[in-house]
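Notes follow once the structure below has been shown.
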There are 2 protein chains.
Amino acid sequence: MPTNTQILFQSKLADCAKKISAELETLLNEKTLEREIARPAKLTSAMRHGALNGGKRIRPFLVMETASLFGIKADDALRTATALECVHCYSLIHDDLPAMDDDDLRRGQPTVHKKWNEATAILAGDSLLTLAFDILADPKTHKDANIRSELVLQLARASGVGGMAGGQMFDLEAEATTLDEEAIKILQAMKTGALLRYACEAGAILGGANMQQRAALVKFGQLIGQAFQLADDILDVTSTQSEMGKKVAKDQGAGKGTLVALYGLDKAQHIADDLTAQAISTLEPFGDKADILKATAEFVVGRKS
Amino acid sequence: MPTNTQILFQSKLADCAKKISAELETLLNEKTLEREIARPAKLTSAMRHGALNGGKRIRPFLVMETASLFGIKADDALRTATALECVHCYSLIHDDLPAMDDDDLRRGQPTVHKKWNEATAILAGDSLLTLAFDILADPKTHKDANIRSELVLQLARASGVGGMAGGQMFDLEAEATTLDEEAIKILQAMKTGALLRYACEAGAILGGANMQQRAALVKFGQLIGQAFQLADDILDVTSTQSEMGKKVAKDQGAGKGTLVALYGLDKAQHIADDLTAQAISTLEPFGDKADILKATAEFVVGRKS
């Protein structure tokens, strides 16, 4: 039996996904903004295909829920949350390319390069990444330029050479080598963890958190990032293709070391649960207001797809 | 005989190129910044190869020179200029990919995907693009967050779906269709023009220009963008591979319509000269202070590579 908090969490998560899709629909049309010259219809279509694919929108949800700890309404965190989702979707489009992970399917749909071609997929990813910074820097996102600028800076740090993109580079190199536990943890903290960490830090930035509050939320983001990745690696071993909507057991096939291969399934599950408990404990200073975030941490490690 | 202004221009352009390379050397090493986790050595090497390739650094030079109209020192415009160059270099790396223009050589050197592989080139481009926004949003670039935020916003507009990336999409589509004059102009204003326009607008933003001054510099950037592209198309027909350090007569080979094909060489050169004269006239309000910028406009249309 799900608890009331879990039921509320599911309803809020579904509501967030709807809002994000609606915001992406608004942003990814052919209407040009000031200083834009024209938008190629093919490119906006490819961006929409890559971004409007029915994801769970966990990252935007974390932005909204961490911001709500400081009394920020969901609608006032929506543009920041959408910008982050643009970066996530760009990374999926590029990661799916033949030169990278070479995936034909994403959530049961053809990937962007399969539906169009590689050039279009590269440009759609590039444009979604660029759009993310456009959204954050626009005064519509927040009236205080210090906050907009800080949102941009931290998103860039989380996404670039020392974050997500660097993590994908390590991941590609991992196919040719055997990584030890420390190297796997660094790779995962970058490839998956950095954006989840940013999601929680962005809420803190929007909310005007003090340094301790912000540090707690960054820590929460890091811990659920680790739990999320362990859950992903566990699902890669235990799930079926129809549940996941994409190829499974890929990591084993590619010879990639994962913590699941290193620890075994049982220990991996135990560590994931432990990370979740640690994550929840970092939220204690926020009291009951953080109940939905705690449920999010439990969801992240308990999900089936 | 070159004039004193032309000699000064050449010396300042060379000085700018040195500063930009030095700044890129500083930024593109393996030292992590706050919130970064680790930087893969292979990825930083690929980014350096793509960025430290001896370009003329015209875009950064325009940032510095337009900023200098308002008394901003070159060193105080350096980070903004470098951020723009990161975007230019990312675009070259991605445009050279087999799925795009498929070039093996860039300024006489192997392109990033030839020296490493496609995945590394995609990630190096992604990371340079991301780094550009990191640089601009960092308080080191300017103490006023309003200025940082505006620099980010306008760079995103110039680079994304309604600017440079959209222009590359139109350019790829142009291989299969015959574009009319208007469509070619839109394509070029996006693919090449938008970043040159941004270069001049960025100087205005850094300098705290009033609306009329900013509009004049945006117009100057647009006009030299058009002249630059015409000069490029003329060089594609008249230059040799050894002068250009890359393949020439590519546009004809790819069946792409250019304004040179439409107008003929003589008329194209005449229009390029006329655009340069118009560009120079937009600088009249700035008086003698704009002499170097005027020489830049003449250089852009008169260059041999």
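Note on naming: chains are A, B, ... as they come in the structure tokens, residues start from 1 per chain, ligands start from 1 in the order shown.
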Hey, could you make a per-residue contact list for chain B against chain A with 6 Å as the cut-off, showing the nearest pair of atoms and its distance in Å to one decimal, counting only C-alpha atoms, sorted by chain and number, as JSON lines?
{"residue": "B:Glu36", "atom": "CA", "partner": "A:Gly162", "partner_atom": "CA", "distance": 4.6}
{"residue": "B:Ile37", "atom": "CA", "partner": "A:Gly162", "partner_atom": "CA", "distance": 5.5}
{"residue": "B:Ala38", "atom": "CA", "partner": "A:Gly162", "partner_atom": "CA", "distance": 5.1}
{"residue": "B:Arg39", "atom": "CA", "partner": "A:Gly162", "partner_atom": "CA", "distance": 4.7}
{"residue": "B:Pro40", "atom": "CA", "partner": "A:Gly166", "partner_atom": "CA", "distance": 6.0}
{"residue": "B:Ala99", "atom": "CA", "partner": "A:Ala119", "partner_atom": "CA", "distance": 5.1}
{"residue": "B:Met100", "atom": "CA", "partner": "A:Ala119", "partner_atom": "CA", "distance": 5.5}
{"residue": "B:Glu118", "atom": "CA", "partner": "A:Ala99", "partner_atom": "CA", "distance": 5.9}
{"residue": "B:Ala119", "atom": "CA", "partner": "A:Ala99", "partner_atom": "CA", "distance": 5.1}
{"residue": "B:Ser127", "atom": "CA", "partner": "A:Gly160", "partner_atom": "CA", "distance": 4.9}
{"residue": "B:Thr130", "atom": "CA", "partner": "A:Ala156", "partner_atom": "CA", "distance": 5.5}
{"residue": "B:Asp134", "atom": "CA", "partner": "A:Leu153", "partner_atom": "CA", "distance": 5.0}
{"residue": "B:Ala137", "atom": "CA", "partner": "A:Leu153", "partner_atom": "CA", "distance": 5.1}
{"residue": "B:Ala145", "atom": "CA", "partner": "A:Asn146", "partner_atom": "CA", "distance": 5.1}
{"residue": "B:Asn146", "atom": "CA", "partner": "A:Ala145", "partner_atom": "CA", "distance": 5.1}
{"residue": "B:Ser149", "atom": "CA", "partner": "A:Ala137", "partner_atom": "CA", "distance": 5.2}
{"residue": "B:Leu153", "atom": "CA", "partner": "A:Asp134", "partner_atom": "CA", "distance": 5.0}
{"residue": "B:Ala156", "atom": "CA", "partner": "A:Asp134", "partner_atom": "CA", "distance": 5.1}
{"residue": "B:Arg157", "atom": "CA", "partner": "A:Glu36", "partner_atom": "CA", "distance": 6.0}
{"residue": "B:Gly160", "atom": "CA", "partner": "A:Ser127", "partner_atom": "CA", "distance": 4.9}
{"residue": "B:Val161", "atom": "CA", "partner": "A:Ser127", "partner_atom": "CA", "distance": 5.3}
{"residue": "B:Gly162", "atom": "CA", "partner": "A:Glu36", "partner_atom": "CA", "distance": 4.6}
{"residue": "B:Gly163", "atom": "CA", "partner": "A:Glu36", "partner_atom": "CA", "distance": 5.8}
{"residue": "B:Gly166", "atom": "CA", "partner": "A:Pro40", "partner_atom": "CA", "distance": 6.0}
Out of region 52-223 of chain A, which residues get alpha helix (DSSP H) from DSSP, as a VMD selection string? chain A and resid 58 to 68 74 to 95 112 to 115 118 to 137 145 to 159 164 to 174 181 to 188 194 to 206 211 to 223
Would you kindly return, as a PyMOL selection string, each protein, DNA or RNA residue with an atom no farther than 12 Å from any atom of Gln212 (chain B), considering only C-alpha atoms and excluding same-chain residues fewer than 4 positions away? chain B and resi 201+204+208+216-219+282-283+285-286
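Coordinates place CA of Asp96 (chain A) at a distance of 17.4 Å from CA of Ser45 (chain A).
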Long-range neighbours of Leu92 (chain B) as a ChimeraX atom specification, 10 Å cut-off, only C-alpha atoms, 6 positions minimum in chain: /B:50-51,86,101,103,106,111-112,125
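Note that CA of Asp233 (chain A) and CA of Ala183 (chain A) are 15.6 Å apart.
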Write out as a PyMOL selection string which residues come within 7 Å of Leu275 (chain B) when counting only C-alpha atoms, dropping same-chain ones fewer than 5 positions away. chain B and resi 223-224+227
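All residues of protein, DNA or RNA that reach within 12 Å of Gly55 (chain A), judged by only C-alpha atoms and not counting those fewer than 2 positions away in the chain, are Leu13, Ala14, Cys16, Ala17, Lys18, Ile20, Ser21, His49, Gly50, Ala51, Leu52, Asn53, Arg57, Ile58, Arg59, Pro60, Phe61, Glu85, Cys86, His88, Cys89, Leu92, Arg106, Arg107, Gly108, Gln109, Met244, Gly245 and Ser305 of chain A.
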Store the residues of this selection in a file with C-alpha atoms, as a CSV table (one decimal), in the first residue's frame.
chain,number,residue,atom,x,y,z
A,13,LEU,CA,5.6,14.2,-10.5
A,14,ALA,CA,2.9,13.7,-13.1
A,16,CYS,CA,5.5,18.5,-13.2
A,17,ALA,CA,5.9,16.3,-16.4
A,18,LYS,CA,2.8,17.9,-17.9
A,20,ILE,CA,7.5,20.7,-18.5
A,21,SER,CA,6.1,19.3,-21.7
A,49,HIS,CA,11.2,14.8,-30.9
A,50,GLY,CA,14.3,14.6,-28.6
A,51,ALA,CA,12.7,16.7,-25.9
A,52,LEU,CA,9.0,15.7,-25.9
A,53,ASN,CA,9.4,12.0,-25.5
A,57,ARG,CA,11.2,14.6,-15.8
A,58,ILE,CA,12.9,13.7,-12.6
A,59,ARG,CA,15.5,16.4,-12.9
A,60,PRO,CA,13.0,19.3,-13.4
A,61,PHE,CA,10.9,17.8,-10.5
A,85,GLU,CA,15.6,19.1,-19.0
A,86,CYS,CA,16.9,20.6,-22.3
A,88,HIS,CA,19.4,16.2,-20.3
A,89,CYS,CA,17.6,15.7,-23.6
A,92,LEU,CA,20.4,11.7,-24.8
A,106,ARG,CA,14.7,5.7,-26.8
A,107,ARG,CA,11.6,5.2,-24.7
A,108,GLY,CA,10.2,2.9,-27.5
A,109,GLN,CA,10.6,5.6,-30.2
A,244,MET,CA,12.8,-0.1,-20.2
A,245,GLY,CA,11.8,1.0,-23.8
A,305,SER,CA,12.2,1.7,-15.5
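CA of Leu230 (chain A) is found 6.8 Å from CA of Ala268 (chain A).
Using only C-alpha atoms, the contacts of Glu23 (chain B) at a cut-off of 8 Å, with sequence neighbours closer than 4 positions omitted, comprise Lys19, Leu27, Leu78, Arg79 and Thr82 of chain B.
Proximity of B:Arg48, B:Ala67, B:Ala202, B:Thr5 to Asp288 (chain B), computed with only C-alpha atoms, is greatest for B:Thr5.
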Find, counting only C-alpha atoms, the residue in A:Gly257, A:Met211, A:Thr26, A:Ala290 that gets nearest to Ala174 (chain A). A:Gly257
Pick the closest to Ala22 (chain B) from B:Phe9, B:Gln226, B:Ala295, B:Asp75: which is it, counting only C-alpha atoms? B:Asp75
